[in-house]
Amino acid sequence: MDDYLVSVLSNIGVISFVALSAYLLLLTGEISFGQQAFFAIGAYAAGMATAMWGWPLALGIAWGAAVGAACAVSLGIPTLRLRGLQFSIATLAFAEMVRILFELFRYQVDIDGEPVGPNGTDGFRSIRYIFDHNIETFDFMMLIYTMLAVTLAGFMLLERSRLGVIFRMIGEDATLASLQGIAVARYKVLAAGIAGALAAVGGGLYAHLTTYVEPRTFDVMLGVHSLAYGLIGGLGTALGPLLGVVIDVGLLESVRLFAGYRMIIFGGLVALLLIFRPRGLLDERLVNRIGRLFRNAISGSTRTGRGSR
Amino acid sequence: MLDLQGIAKHFGGVHAVDGVDLTVKRGEILGLIGPNGSGKSTIVNLVSGLFPLTSGRILFEGDDISDLPSHARVGLGIARTFQNIRLFGQLSVWQNLWVAQNSRQQRQEVFFKRWFGGSAGVQAEIERTLEFFDLAHKRHELAANLSFGEQRRLEFARAISARPNLLLLDEPAAGMNAEEVDQLDARIRKMRDDGFTVLLIEHHVELVMSVADRIAVLNFGRKIAEGPPAAVQDDAAVREAYLGTR
Amino acid sequence: MRTIVCMLVAVAALTAGYPQAAHGQVRAKAAVTCVSAGQVLEYDCTIRLANARSGEPLSGLTVSVGADMPSMPGMHNVRAVKATEQAEKGAYKVRLELEMHGDWAVQIDLRGAVRDRVISMLRFEEADVTDVKPSSGRRGH
């Protein structure tokens, strides 16, 4: 496989995790401009685990996810009481705070005669796990996609479970949900925790993919994009945000025709979709319609099956 | 079963509910009527925990529930409908009913069954509710795509899905035609026969007179009359509130 | 929570088979100097590769050079180009075509006797290219 294709696909895979993270919060009706903070926390935590403490990659990423979830839960408990715009601003403030803390964060150890670790604005270089362990970029891409597939399977399960329905209820009308007996605050914190872990997994993979991260990698640009992916692709299914990522990173970025105009097209696309399809391309109605078509097709074929007997 | 003791709710200077005592007995249908702005819907909102009391106490089966959050009151068995329909439009009819099953007993179902599709018993219960409200053919439709009458029925169906001991119906006949009101009348009677206790708030006086065991009348946030339908109908204060002073 | 547990199990399963770190592996360092190639957004870069510990020049490697904008993670995919080895030991030359001015992380991937990736942070502007100084704080969007 072409190196360029591998790198584009790897990027799409990694960014998908942040997009899914923002999507999960969108389901519960919360607009977070701060998911990049958990991406950053995951990247630094996982990077430190493998590059400085010599942990295996799996453990490093899991550790990053755990730290991301813990931070998201502790941020969620006070901020999820806020409503709408106030919550969005609180998440933005938190993300900027995290970014600036990483600019001040210096912690290096000596490995093979070289200082390794986060070094303020200079960032965190030499997260060389995949080179030290001779993992081919193609194999790493497969790792990213396997994890993405597992995550998506988890989302599909979530959508079919009561929990997924509860998230959607809260997103549509939180007061009404509480009048159906749902402890809204608890479920919102749960959603924030899962979203934090997802973004952190993306961050951990990103750090190992590029081998370096620095605080400005995690500025609000990334958060806004990840939010936009769900809104473009659609909130009806977890495939929506992935479609958003593919449209942006895959199509707009990779087609050289758009070079230089990409942000303009992207911005225009978001604006148009918010007007004409406020819940994205794959919205709930479309997903429901497709679901019913499938159901009809299945029940139709069993009916004819019975008839022929 | 439900005991309102001197409850009051003030919005700034407006005394929406101003010291009301009201008791709903187990198994009865209590009609609550009154002119516009008399505080009927505010009482439903207070009982369901939508906002806190200014003063007074709410007792449910003897326990003070005044400070419980609304989701906990559902767990105790208080469910309600809304005057202006409130459904989860992006969820299917079936899902709307499924997630409403939050009674204490329903919460104790086996984890896996509860969170993934429900046990056979749960499924059958939803099917029965769908049948009862004539919604079975719409089970996979999004609630937002239903007609007005279907949405009203779905809201009603959802309220009983939590197997409530006490059902608060907030103007269920609003916007219905005569035929639909008749069906509603029959359904409410059937529910009393099934052992539900109902607090019925209604503008449609005929419906209330027909189904309620007792009727309480509110005016300007105060209770002005209470008693069997026939007695209330002849009450001078009630006539004055509805028709104005002669 | 189930989702997370599933993911962790998958990662553990996937990485279990990977070989252990080969310690004492050669690490590379790079000195990169770039000049404008005349065309807008095209730059000629000279890369001098050396063994990070001994300082010995590294020659005979396959070198491909890509670039990524740290301020927009994963969103700019400049196609990696093969660098050509020069007569000078350890020196390689490459022409980069970027998408915009600003700070870029130049990714130098080495294959052959040494497999490594070296990152060099450079600020590409109209006329000249400079090393990115820490805490100079400008963002290129």
# chains A, B, ... in the order shown; residues from 1 in each chain; ligands from 1

call {"tool": "interface_residues", "arguments": {"of": "chain A", "to": "chain C", "cutoff": "7 Å", "atoms": "only C-alpha atoms", "output": "mmCIF file with C-alpha atoms, in the first residue's frame"}}
result
data_model
loop_
_atom_site.group_PDB
_atom_site.id
_atom_site.type_symbol
_atom_site.label_atom_id
_atom_site.label_comp_id
_atom_site.auth_asym_id
_atom_site.auth_seq_id
_atom_site.Cartn_x
_atom_site.Cartn_y
_atom_site.Cartn_z
ATOM 1 C CA TYR A 4 0.745 8.393 1.383
ATOM 2 C CA VAL A 8 -4.032 9.701 5.151
ATOM 3 C CA ASN A 11 -5.013 10.274 10.171
ATOM 4 C CA ALA A 58 -1.585 -1.452 24.912
ATOM 5 C CA ALA A 62 -5.329 2.082 28.204
ATOM 6 C CA THR A 121 6.170 24.578 24.328
ATOM 7 C CA ASP A 122 8.769 22.465 22.577
ATOM 8 C CA PHE A 131 10.247 2.511 15.590
ATOM 9 C CA ASP A 132 11.814 0.856 18.617
ATOM 10 C CA HIS A 133 9.548 -2.131 18.082
ATOM 11 C CA MET A 147 -9.683 -0.314 17.513
ATOM 12 C CA VAL A 150 -14.312 -2.268 18.013
ATOM 13 C CA THR A 151 -15.377 1.219 19.083
ATOM 14 C CA GLY A 154 -19.576 -0.639 20.814
ATOM 15 C CA ILE A 194 -16.834 7.675 27.851
ATOM 16 C CA ARG A 216 -0.489 23.777 20.046
ATOM 17 C CA THR A 217 -1.474 20.530 18.376
ATOM 18 C CA ASP A 219 -5.787 24.076 20.216
ATOM 19 C CA MET A 221 -9.150 24.169 15.935
ATOM 20 C CA LEU A 222 -9.201 20.439 16.593
ATOM 21 C CA VAL A 249 -9.701 14.830 5.792
ATOM 22 C CA GLU A 253 -7.705 17.595 2.011
ATOM 23 C CA ALA A 259 -5.804 23.075 -1.705
ATOM 24 C CA GLY A 260 -5.824 26.443 -0.053
#

call {"tool": "residues_around", "arguments": {"residues": "Arg48 (chain C)", "least_positions_apart": "3", "cutoff": "6 Å", "atoms": "only C-alpha atoms", "output": "count of residues only"}}
result
4

call {"tool": "closest_residue", "arguments": {"among": "A:Ser21, A:Ser88, A:Asn296, A:Asn134", "to": "Gln35 (chain A)", "atoms": "only C-alpha atoms"}}
result
A:Ser21

call {"tool": "select_by_dssp", "arguments": {"residues": "region 136-278 of chain A", "states": "alpha helix (DSSP H)", "output": "number ranges by chain"}}
result
A: 137-160, 162-172, 174-178, 184-210, 220-233, 239-245, 253-254, 262-276

call {"tool": "residues_around", "arguments": {"residues": "Tyr242 (chain B)", "least_positions_apart": "5", "cutoff": "10 Å", "atoms": "only C-alpha atoms", "output": "number ranges by chain"}}
result
B: 34-36, 219, 237

call {"tool": "write_last_selection", "arguments": {"atoms": "N, CA, C and O atoms", "output": "compact mmCIF listing (two decimals), in the first residue's frame"}}
result
# COMPACT_ATOMS: atom_id res chain seq x y z
N GLY B 34 -61.05 24.33 36.77
CA GLY B 34 -60.92 25.73 37.13
C GLY B 34 -60.68 26.54 35.88
O GLY B 34 -60.25 25.99 34.86
N PRO B 35 -60.96 27.83 35.94
CA PRO B 35 -60.77 28.67 34.76
C PRO B 35 -59.28 28.75 34.40
O PRO B 35 -58.42 28.35 35.17
N ASN B 36 -58.99 29.32 33.24
CA ASN B 36 -57.59 29.51 32.81
C ASN B 36 -56.80 30.25 33.87
O ASN B 36 -57.29 31.21 34.45
N ASN B 219 -59.65 28.38 41.80
CA ASN B 219 -59.76 29.70 41.20
C ASN B 219 -58.71 30.60 41.84
O ASN B 219 -58.56 30.64 43.05
N ALA B 237 -70.22 29.22 44.27
CA ALA B 237 -68.89 29.80 44.05
C ALA B 237 -68.32 29.34 42.72
O ALA B 237 -67.65 30.10 42.01

call {"tool": "closest_residue", "arguments": {"among": "A:Val213, A:Met48, A:Ala69, A:Ile265", "to": "Glu103 (chain A)", "atoms": "only C-alpha atoms"}}
result
A:Val213

call {"tool": "closest_residue", "arguments": {"among": "A:Ala70, A:Gly181, A:Val201, A:Ile89", "to": "Ala159 (chain B)", "atoms": "only C-alpha atoms"}}
result
A:Gly181

call {"tool": "closest_residue", "arguments": {"among": "A:Leu101, A:His208, A:Val165, A:Ala177", "to": "Ala49 (chain A)", "atoms": "only C-alpha atoms"}}
result
A:His208

call {"tool": "closest_atom_pairs", "arguments": {"of": "chain A", "to": "chain B", "cutoff": "12 Å", "atoms": "only C-alpha atoms", "output": "JSON lines"}}
result
{"residue": "A:Leu27", "atom": "CA", "partner": "B:Gln90", "partner_atom": "CA", "distance": 11.1}
{"residue": "A:Met156", "atom": "CA", "partner": "B:Phe116", "partner_atom": "CA", "distance": 11.8}
{"residue": "A:Leu157", "atom": "CA", "partner": "B:Phe116", "partner_atom": "CA", "distance": 8.5}
{"residue": "A:Leu158", "atom": "CA", "partner": "B:Phe116", "partner_atom": "CA", "distance": 8.9}
{"residue": "A:Glu159", "atom": "CA", "partner": "B:Phe116", "partner_atom": "CA", "distance": 9.9}
{"residue": "A:Arg160", "atom": "CA", "partner": "B:Phe116", "partner_atom": "CA", "distance": 6.9}
{"residue": "A:Ser161", "atom": "CA", "partner": "B:Phe116", "partner_atom": "CA", "distance": 4.7}
{"residue": "A:Arg162", "atom": "CA", "partner": "B:Trp115", "partner_atom": "CA", "distance": 4.8}
{"residue": "A:Leu163", "atom": "CA", "partner": "B:Trp115", "partner_atom": "CA", "distance": 6.8}
{"residue": "A:Gly164", "atom": "CA", "partner": "B:Trp115", "partner_atom": "CA", "distance": 9.4}
{"residue": "A:Val165", "atom": "CA", "partner": "B:Val99", "partner_atom": "CA", "distance": 7.2}
{"residue": "A:Ile166", "atom": "CA", "partner": "B:Val99", "partner_atom": "CA", "distance": 7.0}
{"residue": "A:Phe167", "atom": "CA", "partner": "B:Val99", "partner_atom": "CA", "distance": 10.7}
{"residue": "A:Arg168", "atom": "CA", "partner": "B:Leu91", "partner_atom": "CA", "distance": 7.9}
{"residue": "A:Met169", "atom": "CA", "partner": "B:Phe88", "partner_atom": "CA", "distance": 6.4}
{"residue": "A:Ile170", "atom": "CA", "partner": "B:Phe88", "partner_atom": "CA", "distance": 9.3}
{"residue": "A:Gly171", "atom": "CA", "partner": "B:Phe88", "partner_atom": "CA", "distance": 9.6}
{"residue": "A:Glu172", "atom": "CA", "partner": "B:Phe88", "partner_atom": "CA", "distance": 6.6}
{"residue": "A:Asp173", "atom": "CA", "partner": "B:Phe88", "partner_atom": "CA", "distance": 7.3}
{"residue": "A:Ala174", "atom": "CA", "partner": "B:Phe88", "partner_atom": "CA", "distance": 10.2}
{"residue": "A:Thr175", "atom": "CA", "partner": "B:Leu50", "partner_atom": "CA", "distance": 7.9}
{"residue": "A:Leu176", "atom": "CA", "partner": "B:Arg86", "partner_atom": "CA", "distance": 7.3}
{"residue": "A:Ala177", "atom": "CA", "partner": "B:His71", "partner_atom": "CA", "distance": 8.1}
{"residue": "A:Ser178", "atom": "CA", "partner": "B:His71", "partner_atom": "CA", "distance": 4.8}
{"residue": "A:Leu179", "atom": "CA", "partner": "B:His71", "partner_atom": "CA", "distance": 5.6}
{"residue": "A:Gln180", "atom": "CA", "partner": "B:Ala100", "partner_atom": "CA", "distance": 5.3}
{"residue": "A:Gly181", "atom": "CA", "partner": "B:His71", "partner_atom": "CA", "distance": 3.8}
{"residue": "A:Ile182", "atom": "CA", "partner": "B:His71", "partner_atom": "CA", "distance": 5.4}
{"residue": "A:Ala183", "atom": "CA", "partner": "B:His71", "partner_atom": "CA", "distance": 5.8}
{"residue": "A:Val184", "atom": "CA", "partner": "B:His71", "partner_atom": "CA", "distance": 8.2}
{"residue": "A:Ala185", "atom": "CA", "partner": "B:His71", "partner_atom": "CA", "distance": 10.6}
{"residue": "A:Arg186", "atom": "CA", "partner": "B:His71", "partner_atom": "CA", "distance": 11.4}
{"residue": "A:Leu235", "atom": "CA", "partner": "B:Gln90", "partner_atom": "CA", "distance": 10.5}
{"residue": "A:Gly236", "atom": "CA", "partner": "B:Gln90", "partner_atom": "CA", "distance": 9.0}
{"residue": "A:Arg279", "atom": "CA", "partner": "B:Gln90", "partner_atom": "CA", "distance": 10.7}
{"residue": "A:Asp283", "atom": "CA", "partner": "B:Gln90", "partner_atom": "CA", "distance": 9.4}
{"residue": "A:Glu284", "atom": "CA", "partner": "B:Gln90", "partner_atom": "CA", "distance": 6.2}
{"residue": "A:Arg285", "atom": "CA", "partner": "B:Gln90", "partner_atom": "CA", "distance": 7.3}
{"residue": "A:Leu286", "atom": "CA", "partner": "B:Leu142", "partner_atom": "CA", "distance": 10.6}
{"residue": "A:Val287", "atom": "CA", "partner": "B:Gln90", "partner_atom": "CA", "distance": 10.3}
{"residue": "A:Asn288", "atom": "CA", "partner": "B:Leu142", "partner_atom": "CA", "distance": 7.3}
{"residue": "A:Arg289", "atom": "CA", "partner": "B:Glu141", "partner_atom": "CA", "distance": 8.6}
{"residue": "A:Ile290", "atom": "CA", "partner": "B:His140", "partner_atom": "CA", "distance": 11.4}
{"residue": "A:Gly291", "atom": "CA", "partner": "B:His140", "partner_atom": "CA", "distance": 8.9}
{"residue": "A:Arg292", "atom": "CA", "partner": "B:His140", "partner_atom": "CA", "distance": 7.2}
{"residue": "A:Leu293", "atom": "CA", "partner": "B:His140", "partner_atom": "CA", "distance": 10.8}
{"residue": "A:Phe294", "atom": "CA", "partner": "B:His140", "partner_atom": "CA", "distance": 11.8}
{"residue": "A:Arg295", "atom": "CA", "partner": "B:His140", "partner_atom": "CA", "distance": 9.5}
{"residue": "A:Asn296", "atom": "CA", "partner": "B:His140", "partner_atom": "CA", "distance": 10.8}

call {"tool": "write_last_selection", "arguments": {"atoms": "N, CA and C atoms", "output": "CSV table (one decimal), in the first residue's frame"}}
result
chain,number,residue,atom,x,y,z
A,27,LEU,N,-25.0,13.7,21.3
A,27,LEU,CA,-26.2,12.9,21.5
A,27,LEU,C,-26.9,13.3,22.8
A,156,MET,N,-22.7,0.7,18.0
A,156,MET,CA,-23.8,0.0,17.5
A,156,MET,C,-24.6,-0.6,18.6
A,157,LEU,N,-23.9,-1.3,19.5
A,157,LEU,CA,-24.5,-1.9,20.6
A,157,LEU,C,-25.2,-0.9,21.5
A,158,LEU,N,-24.5,0.3,21.7
A,158,LEU,CA,-25.0,1.3,22.5
A,158,LEU,C,-26.3,1.8,21.9
A,159,GLU,N,-26.4,2.0,20.6
A,159,GLU,CA,-27.6,2.6,20.0
A,159,GLU,C,-28.8,1.6,20.1
A,160,ARG,N,-28.5,0.3,20.3
A,160,ARG,CA,-29.6,-0.6,20.4
A,160,ARG,C,-29.9,-0.8,21.9
A,161,SER,N,-29.1,-0.3,22.8
A,161,SER,CA,-29.3,-0.6,24.2
A,161,SER,C,-30.1,0.6,24.8
A,162,ARG,N,-30.6,0.3,26.0
A,162,ARG,CA,-31.4,1.3,26.7
A,162,ARG,C,-30.5,2.6,26.9
A,163,LEU,N,-29.2,2.4,27.2
A,163,LEU,CA,-28.3,3.5,27.5
A,163,LEU,C,-28.3,4.5,26.3
A,164,GLY,N,-28.2,3.9,25.1
A,164,GLY,CA,-28.1,4.8,24.0
A,164,GLY,C,-29.4,5.6,23.8
A,165,VAL,N,-30.5,4.9,24.0
A,165,VAL,CA,-31.8,5.6,23.9
A,165,VAL,C,-31.9,6.7,25.0
A,166,ILE,N,-31.4,6.4,26.2
A,166,ILE,CA,-31.4,7.4,27.3
A,166,ILE,C,-30.6,8.6,26.9
A,167,PHE,N,-29.4,8.4,26.3
A,167,PHE,CA,-28.6,9.5,25.9
A,167,PHE,C,-29.4,10.4,24.9
A,168,ARG,N,-30.1,9.7,24.0
A,168,ARG,CA,-30.8,10.5,23.0
A,168,ARG,C,-32.0,11.3,23.6
A,169,MET,N,-32.6,10.6,24.6
A,169,MET,CA,-33.7,11.3,25.3
A,169,MET,C,-33.2,12.5,26.0
A,170,ILE,N,-32.1,12.4,26.7
A,170,ILE,CA,-31.5,13.6,27.4
A,170,ILE,C,-31.2,14.7,26.4
A,171,GLY,N,-30.7,14.3,25.3
A,171,GLY,CA,-30.3,15.2,24.3
A,171,GLY,C,-31.5,16.0,23.7
A,172,GLU,N,-32.6,15.3,23.6
A,172,GLU,CA,-33.8,15.9,23.0
A,172,GLU,C,-34.5,16.8,24.0
A,173,ASP,N,-34.7,16.3,25.2
A,173,ASP,CA,-35.5,17.0,26.2
A,173,ASP,C,-35.1,16.5,27.6
A,174,ALA,N,-34.1,17.2,28.3
A,174,ALA,CA,-33.6,16.7,29.5
A,174,ALA,C,-34.7,16.7,30.6
A,175,THR,N,-35.5,17.7,30.6
A,175,THR,CA,-36.5,17.8,31.7
A,175,THR,C,-37.5,16.7,31.5
A,176,LEU,N,-37.9,16.4,30.3
A,176,LEU,CA,-38.9,15.3,30.0
A,176,LEU,C,-38.2,14.0,30.4
A,177,ALA,N,-36.9,13.9,30.1
A,177,ALA,CA,-36.3,12.6,30.5
A,177,ALA,C,-36.3,12.4,32.0
A,178,SER,N,-36.1,13.5,32.8
A,178,SER,CA,-36.2,13.3,34.2
A,178,SER,C,-37.6,13.0,34.7
A,179,LEU,N,-38.6,13.4,33.9
A,179,LEU,CA,-40.0,13.1,34.3
A,179,LEU,C,-40.3,11.7,33.8
A,180,GLN,N,-39.4,11.0,33.1
A,180,GLN,CA,-39.6,9.6,32.8
A,180,GLN,C,-38.8,8.7,33.8
A,181,GLY,N,-38.2,9.4,34.8
A,181,GLY,CA,-37.5,8.6,35.8
A,181,GLY,C,-36.0,8.5,35.5
A,182,ILE,N,-35.5,9.3,34.6
A,182,ILE,CA,-34.1,9.2,34.3
A,182,ILE,C,-33.3,10.1,35.2
A,183,ALA,N,-32.2,9.6,35.9
A,183,ALA,CA,-31.4,10.5,36.6
A,183,ALA,C,-30.4,11.2,35.7
A,184,VAL,N,-30.8,12.3,35.1
A,184,VAL,CA,-30.1,13.0,34.0
A,184,VAL,C,-28.7,13.2,34.3
A,185,ALA,N,-28.4,13.8,35.5
A,185,ALA,CA,-27.0,14.3,35.8
A,185,ALA,C,-26.1,13.1,35.7
A,186,ARG,N,-26.5,11.9,36.3
A,186,ARG,CA,-25.6,10.8,36.3
A,186,ARG,C,-25.3,10.3,34.9
A,235,LEU,N,-26.3,13.0,13.1
A,235,LEU,CA,-26.3,12.5,14.4
A,235,LEU,C,-27.2,11.3,14.6
A,236,GLY,N,-27.6,10.7,13.5
A,236,GLY,CA,-28.5,9.5,13.6
A,236,GLY,C,-27.8,8.3,13.8
A,279,ARG,N,-29.5,18.3,11.6
A,279,ARG,CA,-28.9,17.2,12.3
A,279,ARG,C,-28.0,16.3,11.4
A,283,ASP,N,-29.2,11.8,9.4
A,283,ASP,CA,-29.9,12.2,10.6
A,283,ASP,C,-30.9,11.1,11.1
A,284,GLU,N,-31.5,11.3,12.2
A,284,GLU,CA,-32.4,10.3,12.8
A,284,GLU,C,-33.5,9.8,11.8
A,285,ARG,N,-34.0,10.7,11.1
A,285,ARG,CA,-35.1,10.4,10.2
A,285,ARG,C,-34.7,9.4,9.1
A,286,LEU,N,-33.5,9.7,8.5
A,286,LEU,CA,-33.0,8.9,7.5
A,286,LEU,C,-32.6,7.5,8.0
A,287,VAL,N,-32.0,7.5,9.2
A,287,VAL,CA,-31.6,6.2,9.8
A,287,VAL,C,-32.8,5.4,10.1
A,288,ASN,N,-33.9,6.0,10.6
A,288,ASN,CA,-35.1,5.3,10.9
A,288,ASN,C,-35.8,4.8,9.6
A,289,ARG,N,-35.7,5.6,8.5
A,289,ARG,CA,-36.3,5.1,7.3
A,289,ARG,C,-35.6,3.9,6.7
A,290,ILE,N,-34.2,4.0,6.8
A,290,ILE,CA,-33.4,2.9,6.3
A,290,ILE,C,-33.7,1.6,7.1
A,291,GLY,N,-33.8,1.9,8.5
A,291,GLY,CA,-34.1,0.7,9.4
A,291,GLY,C,-35.4,0.1,9.0
A,292,ARG,N,-36.4,0.9,8.7
A,292,ARG,CA,-37.7,0.3,8.4
A,292,ARG,C,-37.7,-0.4,7.1
A,293,LEU,N,-36.9,0.1,6.1
A,293,LEU,CA,-36.8,-0.5,4.8
A,293,LEU,C,-36.3,-1.9,5.0
A,294,PHE,N,-35.2,-2.0,5.8
A,294,PHE,CA,-34.6,-3.3,6.1
A,294,PHE,C,-35.6,-4.2,6.8
A,295,ARG,N,-36.3,-3.7,7.8
A,295,ARG,CA,-37.2,-4.5,8.5
A,295,ARG,C,-38.3,-5.1,7.5
A,296,ASN,N,-38.8,-4.2,6.7
A,296,ASN,CA,-39.8,-4.6,5.8
A,296,ASN,C,-39.3,-5.6,4.8

call {"tool": "residues_around", "arguments": {"residues": "region 57-61 of chain B", "least_positions_apart": "5", "cutoff": "8 Å", "atoms": "only C-alpha atoms", "output": "count of residues only"}}
result
9

call {"tool": "atom_distance", "arguments": {"atom1": "CA of Leu272 (chain A)", "atom2": "CA of Ser32 (chain A)"}}
result
21.0 Å

call {"tool": "atom_distance", "arguments": {"atom1": "CA of Asp139 (chain A)", "atom2": "CA of Asp103 (chain C)"}}
result
29.1 Å

call {"tool": "atom_distance", "arguments": {"atom1": "CA of Ser210 (chain B)", "atom2": "CA of Ile85 (chain B)"}}
result
23.6 Å
